[in-house]
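Structure below is my_file.txt: compact mmCIF, N, CA and C atoms and all ligand atoms.
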# COMPACT_ATOMS: atom_id res chain seq x y z
N MET A 1 15.39 65.61 5.97
CA MET A 1 14.41 65.07 6.90
C MET A 1 15.00 63.90 7.68
N ASN A 2 14.41 63.65 8.82
CA ASN A 2 14.91 62.57 9.68
C ASN A 2 14.68 61.21 9.05
N LYS A 3 15.67 60.35 9.28
CA LYS A 3 15.56 58.94 8.88
C LYS A 3 16.15 58.13 10.01
N ALA A 4 15.62 56.92 10.20
CA ALA A 4 16.20 56.03 11.20
C ALA A 4 15.93 54.60 10.78
N SER A 5 16.72 53.71 11.35
CA SER A 5 16.52 52.29 11.10
C SER A 5 16.84 51.54 12.38
N GLY A 6 16.36 50.30 12.44
CA GLY A 6 16.63 49.52 13.64
C GLY A 6 16.21 48.08 13.46
N SER A 7 16.42 47.31 14.49
CA SER A 7 16.06 45.89 14.45
C SER A 7 15.92 45.37 15.87
N CYS A 8 15.32 44.18 15.96
CA CYS A 8 15.29 43.49 17.25
C CYS A 8 16.66 42.84 17.51
N TYR A 9 16.80 42.19 18.64
CA TYR A 9 18.08 41.58 19.02
C TYR A 9 18.54 40.54 18.00
N CYS A 10 17.64 39.69 17.55
CA CYS A 10 18.04 38.62 16.62
C CYS A 10 18.05 39.08 15.17
N GLY A 11 17.42 40.22 14.87
CA GLY A 11 17.47 40.79 13.53
C GLY A 11 16.38 40.32 12.59
N ILE A 12 15.49 39.48 13.04
CA ILE A 12 14.45 39.00 12.12
C ILE A 12 13.39 40.08 11.88
N ILE A 13 13.25 41.00 12.83
CA ILE A 13 12.38 42.17 12.65
C ILE A 13 13.28 43.38 12.42
N LYS A 14 13.06 44.03 11.29
CA LYS A 14 13.83 45.22 10.94
C LYS A 14 12.84 46.32 10.59
N PHE A 15 13.24 47.56 10.81
CA PHE A 15 12.34 48.65 10.45
C PHE A 15 13.09 49.90 10.03
N ASN A 16 12.39 50.69 9.24
CA ASN A 16 12.88 52.00 8.78
C ASN A 16 11.77 53.01 9.03
N MET A 17 12.17 54.23 9.35
CA MET A 17 11.20 55.31 9.51
C MET A 17 11.80 56.59 8.91
N TRP A 18 10.91 57.49 8.49
CA TRP A 18 11.36 58.69 7.80
C TRP A 18 10.40 59.83 8.09
N ASP A 19 10.93 61.06 7.98
CA ASP A 19 10.13 62.29 8.14
C ASP A 19 9.31 62.27 9.42
N PHE A 20 10.00 62.20 10.54
CA PHE A 20 9.31 62.16 11.83
C PHE A 20 9.88 63.23 12.76
N ALA A 21 9.11 63.57 13.77
CA ALA A 21 9.61 64.48 14.80
C ALA A 21 10.65 63.73 15.63
N PRO A 22 11.80 64.36 15.91
CA PRO A 22 12.92 63.64 16.53
C PRO A 22 12.83 63.50 18.05
N ASP A 23 11.71 63.94 18.63
CA ASP A 23 11.58 63.90 20.09
C ASP A 23 10.99 62.59 20.55
N TYR A 24 11.62 61.99 21.54
CA TYR A 24 11.06 60.77 22.11
C TYR A 24 10.89 60.94 23.61
N GLY A 25 9.94 60.20 24.15
CA GLY A 25 9.67 60.24 25.57
C GLY A 25 10.10 58.96 26.25
N THR A 26 10.28 59.07 27.56
CA THR A 26 10.66 57.89 28.35
C THR A 26 9.63 57.70 29.45
N CYS A 27 9.11 56.47 29.53
CA CYS A 27 8.06 56.17 30.51
C CYS A 27 8.61 55.27 31.60
N HIS A 28 8.35 55.68 32.84
CA HIS A 28 8.85 54.95 34.01
C HIS A 28 7.73 54.23 34.75
N CYS A 29 6.60 54.00 34.08
CA CYS A 29 5.46 53.40 34.76
C CYS A 29 5.70 51.92 35.06
N THR A 30 4.84 51.36 35.87
CA THR A 30 5.00 49.96 36.28
C THR A 30 4.85 49.00 35.11
N GLN A 31 3.91 49.28 34.21
CA GLN A 31 3.73 48.41 33.04
C GLN A 31 4.99 48.39 32.18
N CYS A 32 5.56 49.56 31.93
CA CYS A 32 6.78 49.61 31.11
C CYS A 32 7.94 48.93 31.82
N ARG A 33 8.01 49.07 33.13
CA ARG A 33 9.08 48.41 33.88
C ARG A 33 8.95 46.90 33.77
N LYS A 34 7.75 46.40 33.95
CA LYS A 34 7.55 44.95 33.86
C LYS A 34 7.83 44.42 32.45
N TRP A 35 7.50 45.24 31.46
CA TRP A 35 7.62 44.78 30.09
C TRP A 35 9.08 44.79 29.62
N THR A 36 9.83 45.82 30.03
CA THR A 36 11.21 45.97 29.55
C THR A 36 12.24 45.50 30.57
N GLY A 37 11.86 45.45 31.83
CA GLY A 37 12.83 45.21 32.89
C GLY A 37 13.46 46.49 33.39
N SER A 38 13.15 47.62 32.75
CA SER A 38 13.71 48.90 33.21
C SER A 38 12.72 50.03 32.91
N PHE A 39 12.88 50.71 31.81
CA PHE A 39 11.97 51.79 31.42
C PHE A 39 11.81 51.72 29.91
N TYR A 40 10.84 52.45 29.39
CA TYR A 40 10.55 52.37 27.95
C TYR A 40 10.73 53.74 27.33
N SER A 41 11.77 53.88 26.52
CA SER A 41 11.97 55.09 25.72
C SER A 41 11.50 54.79 24.32
N ALA A 42 10.59 55.61 23.82
CA ALA A 42 9.98 55.28 22.53
C ALA A 42 9.77 56.50 21.65
N LEU A 43 9.97 56.24 20.37
CA LEU A 43 9.77 57.23 19.33
C LEU A 43 8.44 56.91 18.65
N THR A 44 7.56 57.91 18.59
CA THR A 44 6.25 57.72 17.96
C THR A 44 6.33 58.11 16.50
N ILE A 45 5.94 57.18 15.63
CA ILE A 45 6.00 57.41 14.19
C ILE A 45 4.59 57.32 13.61
N ALA A 46 4.24 58.32 12.81
CA ALA A 46 2.90 58.38 12.23
C ALA A 46 2.72 57.33 11.13
N ARG A 47 1.47 57.01 10.89
CA ARG A 47 1.09 56.11 9.79
C ARG A 47 1.81 56.53 8.50
N ASP A 48 2.24 55.56 7.73
CA ASP A 48 2.87 55.79 6.42
C ASP A 48 4.25 56.43 6.52
N HIS A 49 4.82 56.46 7.72
CA HIS A 49 6.19 56.95 7.86
C HIS A 49 7.13 55.88 8.41
N TYR A 50 6.69 54.65 8.37
CA TYR A 50 7.56 53.55 8.79
C TYR A 50 7.24 52.30 7.98
N LYS A 51 8.25 51.42 7.91
CA LYS A 51 8.08 50.13 7.24
C LYS A 51 8.73 49.08 8.13
N ILE A 52 8.00 47.99 8.37
CA ILE A 52 8.51 46.93 9.24
C ILE A 52 8.65 45.65 8.42
N ASP A 53 9.86 45.09 8.41
CA ASP A 53 10.09 43.77 7.80
C ASP A 53 10.04 42.73 8.91
N GLY A 54 9.45 41.60 8.63
CA GLY A 54 9.33 40.55 9.64
C GLY A 54 8.14 40.76 10.56
N PHE A 55 7.17 41.54 10.08
CA PHE A 55 6.00 41.87 10.90
C PHE A 55 5.31 40.61 11.43
N GLU A 56 5.35 39.53 10.64
CA GLU A 56 4.66 38.29 11.04
C GLU A 56 5.30 37.65 12.27
N HIS A 57 6.50 38.09 12.66
CA HIS A 57 7.16 37.54 13.85
C HIS A 57 6.83 38.31 15.13
N ILE A 58 6.06 39.41 14.97
CA ILE A 58 5.68 40.18 16.15
C ILE A 58 4.55 39.47 16.88
N ILE A 59 4.67 39.34 18.18
CA ILE A 59 3.58 38.85 19.02
C ILE A 59 2.99 40.05 19.75
N TRP A 60 1.68 40.19 19.65
CA TRP A 60 1.01 41.33 20.27
C TRP A 60 0.40 40.91 21.60
N HIS A 61 0.67 41.71 22.60
CA HIS A 61 0.15 41.46 23.94
C HIS A 61 -0.82 42.56 24.34
N ASP A 62 -2.01 42.16 24.72
CA ASP A 62 -3.02 43.10 25.20
C ASP A 62 -2.50 43.81 26.43
N GLN A 63 -2.52 45.13 26.40
CA GLN A 63 -2.06 45.85 27.58
C GLN A 63 -3.23 46.48 28.32
N THR A 64 -3.99 47.28 27.60
CA THR A 64 -5.15 47.93 28.20
C THR A 64 -6.28 47.83 27.19
N ALA A 65 -7.41 48.46 27.53
CA ALA A 65 -8.53 48.48 26.59
C ALA A 65 -8.14 49.20 25.31
N GLN A 66 -7.20 50.13 25.40
CA GLN A 66 -6.85 50.94 24.23
C GLN A 66 -5.56 50.53 23.53
N ALA A 67 -4.66 49.84 24.24
CA ALA A 67 -3.30 49.68 23.71
C ALA A 67 -2.80 48.25 23.77
N GLU A 68 -1.86 47.96 22.89
CA GLU A 68 -1.19 46.67 22.91
C GLU A 68 0.30 46.87 22.65
N ARG A 69 1.08 45.89 23.12
CA ARG A 69 2.53 45.96 22.97
C ARG A 69 2.98 44.79 22.12
N GLY A 70 4.03 45.03 21.31
CA GLY A 70 4.52 43.98 20.43
C GLY A 70 5.97 43.64 20.72
N PHE A 71 6.27 42.34 20.72
CA PHE A 71 7.65 41.90 20.94
C PHE A 71 8.03 40.86 19.89
N CYS A 72 9.32 40.62 19.72
CA CYS A 72 9.79 39.65 18.74
C CYS A 72 9.51 38.24 19.26
N GLY A 73 8.80 37.45 18.45
CA GLY A 73 8.47 36.09 18.85
C GLY A 73 9.66 35.15 18.82
N ILE A 74 10.77 35.57 18.25
CA ILE A 74 11.96 34.73 18.20
C ILE A 74 12.90 35.06 19.37
N CYS A 75 13.27 36.33 19.51
CA CYS A 75 14.28 36.70 20.52
C CYS A 75 13.70 37.40 21.74
N GLY A 76 12.45 37.87 21.65
CA GLY A 76 11.82 38.48 22.81
C GLY A 76 12.03 39.97 22.98
N SER A 77 12.73 40.63 22.06
CA SER A 77 12.93 42.09 22.20
C SER A 77 11.59 42.80 22.35
N SER A 78 11.50 43.67 23.33
CA SER A 78 10.29 44.45 23.60
C SER A 78 10.38 45.74 22.80
N ILE A 79 9.55 45.88 21.78
CA ILE A 79 9.78 46.96 20.81
C ILE A 79 8.60 47.91 20.67
N PHE A 80 7.40 47.39 20.40
CA PHE A 80 6.32 48.22 19.88
C PHE A 80 5.21 48.49 20.90
N TRP A 81 4.60 49.64 20.74
CA TRP A 81 3.38 50.01 21.45
C TRP A 81 2.48 50.65 20.42
N ARG A 82 1.19 50.25 20.40
CA ARG A 82 0.26 50.89 19.47
C ARG A 82 -1.15 50.86 20.04
N PHE A 83 -1.99 51.74 19.48
CA PHE A 83 -3.40 51.71 19.83
C PHE A 83 -4.04 50.49 19.18
N LYS A 84 -5.00 49.90 19.88
CA LYS A 84 -5.72 48.77 19.30
C LYS A 84 -6.56 49.21 18.11
N ASN A 85 -6.97 50.46 18.13
CA ASN A 85 -7.66 51.00 16.97
C ASN A 85 -6.63 51.26 15.87
N HIS A 86 -6.46 50.31 14.99
CA HIS A 86 -5.38 50.39 14.00
C HIS A 86 -5.61 51.46 12.94
N LYS A 87 -6.82 52.05 12.95
CA LYS A 87 -7.05 53.16 12.02
C LYS A 87 -6.16 54.35 12.37
N ILE A 88 -5.76 54.44 13.64
CA ILE A 88 -4.87 55.53 14.05
C ILE A 88 -3.53 55.38 13.34
N GLY A 89 -3.04 54.15 13.28
CA GLY A 89 -1.90 53.86 12.41
C GLY A 89 -0.53 54.21 12.93
N GLN A 90 -0.45 54.98 14.01
CA GLN A 90 0.89 55.33 14.50
C GLN A 90 1.47 54.19 15.32
N MET A 91 2.80 54.17 15.43
CA MET A 91 3.48 53.10 16.14
C MET A 91 4.58 53.71 16.99
N ASP A 92 4.73 53.21 18.21
CA ASP A 92 5.86 53.58 19.05
C ASP A 92 6.94 52.51 18.93
N PHE A 93 8.18 52.95 18.71
CA PHE A 93 9.33 52.05 18.55
C PHE A 93 10.29 52.29 19.71
N ALA A 94 10.73 51.22 20.36
CA ALA A 94 11.70 51.37 21.44
C ALA A 94 13.00 51.94 20.89
N VAL A 95 13.45 53.03 21.50
CA VAL A 95 14.63 53.74 21.02
C VAL A 95 15.89 52.85 21.09
N GLY A 96 15.89 51.93 22.04
CA GLY A 96 17.05 51.04 22.17
C GLY A 96 17.26 50.12 20.99
N MET A 97 16.25 49.97 20.13
CA MET A 97 16.37 49.11 18.95
C MET A 97 16.95 49.84 17.76
N LEU A 98 17.09 51.17 17.84
CA LEU A 98 17.53 51.96 16.69
C LEU A 98 19.04 51.89 16.53
N ASP A 99 19.48 51.95 15.27
CA ASP A 99 20.90 51.85 14.97
C ASP A 99 21.66 53.11 15.38
N ASP A 100 20.98 54.26 15.33
CA ASP A 100 21.67 55.54 15.58
C ASP A 100 20.64 56.51 16.16
N ILE A 101 20.92 57.09 17.29
CA ILE A 101 19.96 58.04 17.87
C ILE A 101 20.55 59.45 17.94
N SER A 102 21.63 59.69 17.18
CA SER A 102 22.29 61.00 17.28
C SER A 102 21.40 62.14 16.79
N GLN A 103 20.39 61.85 15.95
CA GLN A 103 19.48 62.91 15.49
C GLN A 103 18.32 63.12 16.45
N LEU A 104 18.19 62.28 17.46
CA LEU A 104 17.01 62.31 18.32
C LEU A 104 17.29 63.07 19.61
N SER A 105 16.22 63.53 20.24
CA SER A 105 16.39 64.15 21.56
C SER A 105 15.29 63.68 22.49
N GLN A 106 15.67 63.53 23.72
CA GLN A 106 14.74 63.06 24.73
C GLN A 106 13.90 64.25 25.19
N SER A 107 12.60 64.19 24.93
CA SER A 107 11.77 65.37 25.16
C SER A 107 11.13 65.40 26.54
N LYS A 108 10.90 64.23 27.13
CA LYS A 108 10.24 64.24 28.44
C LYS A 108 10.33 62.87 29.11
N HIS A 109 10.13 62.91 30.42
CA HIS A 109 10.02 61.68 31.22
C HIS A 109 8.64 61.68 31.86
N ILE A 110 7.93 60.56 31.77
CA ILE A 110 6.60 60.50 32.35
C ILE A 110 6.51 59.35 33.37
N TYR A 111 5.52 59.47 34.23
CA TYR A 111 5.28 58.51 35.32
C TYR A 111 6.52 58.33 36.21
N CYS A 112 7.20 59.44 36.46
CA CYS A 112 8.43 59.39 37.27
C CYS A 112 8.13 58.97 38.71
N ALA A 113 6.90 59.20 39.16
CA ALA A 113 6.54 58.83 40.53
C ALA A 113 6.62 57.32 40.73
N PHE A 114 6.62 56.57 39.63
CA PHE A 114 6.64 55.11 39.72
C PHE A 114 8.02 54.52 39.47
N LYS A 115 9.00 55.39 39.24
CA LYS A 115 10.36 54.94 38.95
C LYS A 115 10.96 54.20 40.14
N ARG A 116 11.68 53.13 39.88
CA ARG A 116 12.41 52.43 40.92
C ARG A 116 13.71 53.17 41.25
N ASP A 117 14.29 52.85 42.39
CA ASP A 117 15.48 53.57 42.85
C ASP A 117 16.79 53.03 42.29
N ASN A 118 16.73 52.04 41.40
CA ASN A 118 17.98 51.45 40.91
C ASN A 118 18.60 52.22 39.75
N TYR A 119 18.02 53.34 39.35
CA TYR A 119 18.64 54.23 38.36
C TYR A 119 18.17 55.66 38.61
N GLU A 120 18.92 56.62 38.06
CA GLU A 120 18.62 58.03 38.26
C GLU A 120 18.06 58.63 36.97
N LEU A 121 17.21 59.64 37.12
CA LEU A 121 16.78 60.41 35.96
C LEU A 121 17.95 61.30 35.53
N PRO A 122 18.11 61.52 34.23
CA PRO A 122 19.22 62.37 33.78
C PRO A 122 19.04 63.81 34.25
N ASN A 123 20.14 64.44 34.53
CA ASN A 123 20.11 65.82 34.99
C ASN A 123 20.18 66.74 33.77
N ASN A 124 19.04 66.87 33.06
CA ASN A 124 19.01 67.71 31.86
C ASN A 124 17.69 68.48 31.83
N ASP A 125 17.45 69.16 30.71
CA ASP A 125 16.30 70.05 30.60
C ASP A 125 14.99 69.34 30.28
N ALA A 126 15.02 68.07 29.94
CA ALA A 126 13.79 67.37 29.59
C ALA A 126 12.84 67.38 30.78
N PRO A 127 11.59 67.83 30.59
CA PRO A 127 10.65 67.86 31.71
C PRO A 127 10.38 66.47 32.28
N LYS A 128 10.17 66.45 33.58
CA LYS A 128 9.95 65.18 34.28
C LYS A 128 8.62 65.29 35.02
N TYR A 129 7.69 64.46 34.60
CA TYR A 129 6.34 64.50 35.16
C TYR A 129 6.12 63.30 36.07
N ASP A 130 5.43 63.55 37.17
CA ASP A 130 5.10 62.44 38.07
C ASP A 130 4.18 61.44 37.40
N GLU A 131 3.24 61.96 36.60
CA GLU A 131 2.32 61.08 35.92
C GLU A 131 2.39 61.35 34.42
N ARG A 132 1.26 61.44 33.77
CA ARG A 132 1.27 61.43 32.32
C ARG A 132 2.03 62.60 31.69
N GLY A 133 1.88 63.78 32.22
CA GLY A 133 2.61 64.93 31.70
C GLY A 133 1.97 65.58 30.49
ZN ZN B 201 14.14 39.11 17.28
ZN ZN B 202 4.80 53.25 30.70

I need this file expressed as structure tokens, please.
Amino acid sequence: MNKASGSCYCGIIKFNMWDFAPDYGTCHCTQCRKWTGSFYSALTIARDHYKIDGFEHIIWHDQTAQAERGFCGICGSSIFWRFKNHKIGQMDFAVGMLDDISQLSQSKHIYCAFKRDNYELPNNDAPKYDERG
């Protein structure tokens, strides 16, 4: 089964995840651009399939009525996205924080209509949607 680990830039937040689907999506929307400075590639992990050390250092930022984003309060790494309804329990982890992504595959690109012109979408089979997809 799949396993992965990762950390923020300064290392005070560390995480492990296991038994997850290896597909991750990349979002090119304006909110993700403002939050990351580029785009947000994230792996969604279900409740009880991840463990986060240093959780108390995460600062949560209200994004929408339904969602919030979490970043490291020490180094500022933009890492997490989750539903405000914590009963759902799943967490999105920025793929750039992972130690190894060789088991993962990029499954789709969303909100491509909002992408800036300073980078290109990869020329591969992953579907590219103008909006949510
Ligand atoms: Zn940090
Ligand atoms: Zn987005």

For Trp18 (chain A): contacts at 7 Å, all atoms listed in the file, fewer than 4 positions along chain excluded, given as an mmCIF file with N, CA and C atoms, keeping the file's coordinate frame:
data_model
loop_
_atom_site.group_PDB
_atom_site.id
_atom_site.type_symbol
_atom_site.label_atom_id
_atom_site.label_comp_id
_atom_site.auth_asym_id
_atom_site.auth_seq_id
_atom_site.Cartn_x
_atom_site.Cartn_y
_atom_site.Cartn_z
ATOM 1 N N MET A 1 15.390 65.610 5.970
ATOM 2 C CA MET A 1 14.410 65.070 6.900
ATOM 3 C C MET A 1 15.000 63.900 7.680
ATOM 4 N N ASN A 2 14.410 63.650 8.820
ATOM 5 C CA ASN A 2 14.910 62.570 9.680
ATOM 6 C C ASN A 2 14.680 61.210 9.050
ATOM 7 N N LYS A 3 15.670 60.350 9.280
ATOM 8 C CA LYS A 3 15.560 58.940 8.880
ATOM 9 C C LYS A 3 16.150 58.130 10.010
ATOM 10 N N ALA A 4 15.620 56.920 10.200
ATOM 11 C CA ALA A 4 16.200 56.030 11.200
ATOM 12 C C ALA A 4 15.930 54.600 10.780
ATOM 13 N N HIS A 49 4.820 56.460 7.720
ATOM 14 C CA HIS A 49 6.190 56.950 7.860
ATOM 15 C C HIS A 49 7.130 55.880 8.410
ATOM 16 N N TYR A 50 6.690 54.650 8.370
ATOM 17 C CA TYR A 50 7.560 53.550 8.790
ATOM 18 C C TYR A 50 7.240 52.300 7.980
ATOM 19 N N LYS A 51 8.250 51.420 7.910
ATOM 20 C CA LYS A 51 8.080 50.130 7.240
ATOM 21 C C LYS A 51 8.730 49.080 8.130
#

Counting only C-alpha atoms and all ligand atoms, which protein, DNA or RNA residues come within 6 Å of ligand ZN 202 (chain B), given as a PyMOL selection string?
-> chain A and resi 27-29+31-32

Where does chain A meet ligand ZN 201 (chain B) within 6 Å, residue by residue, with the nearest atom pair and distance in Å to one decimal for each, counting all atoms listed in the file, listed by chain and rising number, as CSV?
residue,atom,partner,partner_atom,distance
A:Cys8,C,B:ZN201,ZN,4.5
A:Tyr9,N,B:ZN201,ZN,4.3
A:Cys10,N,B:ZN201,ZN,3.6
A:Gly11,N,B:ZN201,ZN,4.2
A:Ile12,N,B:ZN201,ZN,4.5
A:Ile13,N,B:ZN201,ZN,4.9
A:Cys72,CA,B:ZN201,ZN,4.6
A:Gly73,N,B:ZN201,ZN,5.7
A:Ile74,C,B:ZN201,ZN,4.7
A:Cys75,N,B:ZN201,ZN,3.7
A:Gly76,N,B:ZN201,ZN,4.8
A:Ser77,N,B:ZN201,ZN,5.2

Based on the selection just made, write N, CA and C atoms of those residues as a short mmCIF file (atom, residue, chain, number, x, y, z; two decimals), in the frame of the given file.
data_model
loop_
_atom_site.label_atom_id
_atom_site.label_comp_id
_atom_site.auth_asym_id
_atom_site.auth_seq_id
_atom_site.Cartn_x
_atom_site.Cartn_y
_atom_site.Cartn_z
N CYS A 8 15.32 44.18 15.96
CA CYS A 8 15.29 43.49 17.25
C CYS A 8 16.66 42.84 17.51
N TYR A 9 16.80 42.19 18.64
CA TYR A 9 18.08 41.58 19.02
C TYR A 9 18.54 40.54 18.00
N CYS A 10 17.64 39.69 17.55
CA CYS A 10 18.04 38.62 16.62
C CYS A 10 18.05 39.08 15.17
N GLY A 11 17.42 40.22 14.87
CA GLY A 11 17.47 40.79 13.53
C GLY A 11 16.38 40.32 12.59
N ILE A 12 15.49 39.48 13.04
CA ILE A 12 14.45 39.00 12.12
C ILE A 12 13.39 40.08 11.88
N ILE A 13 13.25 41.00 12.83
CA ILE A 13 12.38 42.17 12.65
C ILE A 13 13.28 43.38 12.42
N CYS A 72 9.32 40.62 19.72
CA CYS A 72 9.79 39.65 18.74
C CYS A 72 9.51 38.24 19.26
N GLY A 73 8.80 37.45 18.45
CA GLY A 73 8.47 36.09 18.85
C GLY A 73 9.66 35.15 18.82
N ILE A 74 10.77 35.57 18.25
CA ILE A 74 11.96 34.73 18.20
C ILE A 74 12.90 35.06 19.37
N CYS A 75 13.27 36.33 19.51
CA CYS A 75 14.28 36.70 20.52
C CYS A 75 13.70 37.40 21.74
N GLY A 76 12.45 37.87 21.65
CA GLY A 76 11.82 38.48 22.81
C GLY A 76 12.03 39.97 22.98
N SER A 77 12.73 40.63 22.06
CA SER A 77 12.93 42.09 22.20
C SER A 77 11.59 42.80 22.35
#

Two-atom distance - CA of Ile45 (chain A), CA of Ala113 (chain A) (Å) |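 Interatomic distance here is 26.4 Å.
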
Residue list as a VMD selection string for point (11.5, 39.0, 9.3), cut-off 8 Å, all atoms listed in the file = chain A and resid 11 to 14 52 to 58

Write out as a list in words each polymer residue whose atoms come within 12 Å of Asn118 (chain A), counting only C-alpha atoms; drop sequence neighbours fewer than 3 positions from it.
->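 Selected residues are His28, Arg33, Gly37, Ser38, Phe39, Phe114, Lys115 and Leu121 of chain A.
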
Would you work out the distance separating atom N of Tyr119 (chain A) from atom C of Thr30 (chain A), expressed in Å to one decimal?
-> 14.5 Å

Expected answer as a PyMOL selection string: alpha helix (DSSP H) residues in region 4-51 of chain A | chain A and resi 30-36

Just the strand (DSSP E or B) stuff from chain A, please, per backbone DSSP, written as a PyMOL selection string.
-> chain A and resi 3-7+14-18+23-27+40-45+50-53+58-62+67-72+78-83+91-94+98+105-110+128

Which polymer residues have any atom within 8 Å of an atom of Gly89 (chain A), counting all atoms listed in the file, with same-chain residues fewer than 3 positions away left out, as an NGL selection string?
-> :A and (45-49 or 82-86 or 92)

Given the choices A:Asn124, A:Ser107, A:Cys112, A:Ile101, which gets closest to Tyr24 (chain A) if the distance is worked out from all atoms listed in the file?
-> A:Ser107
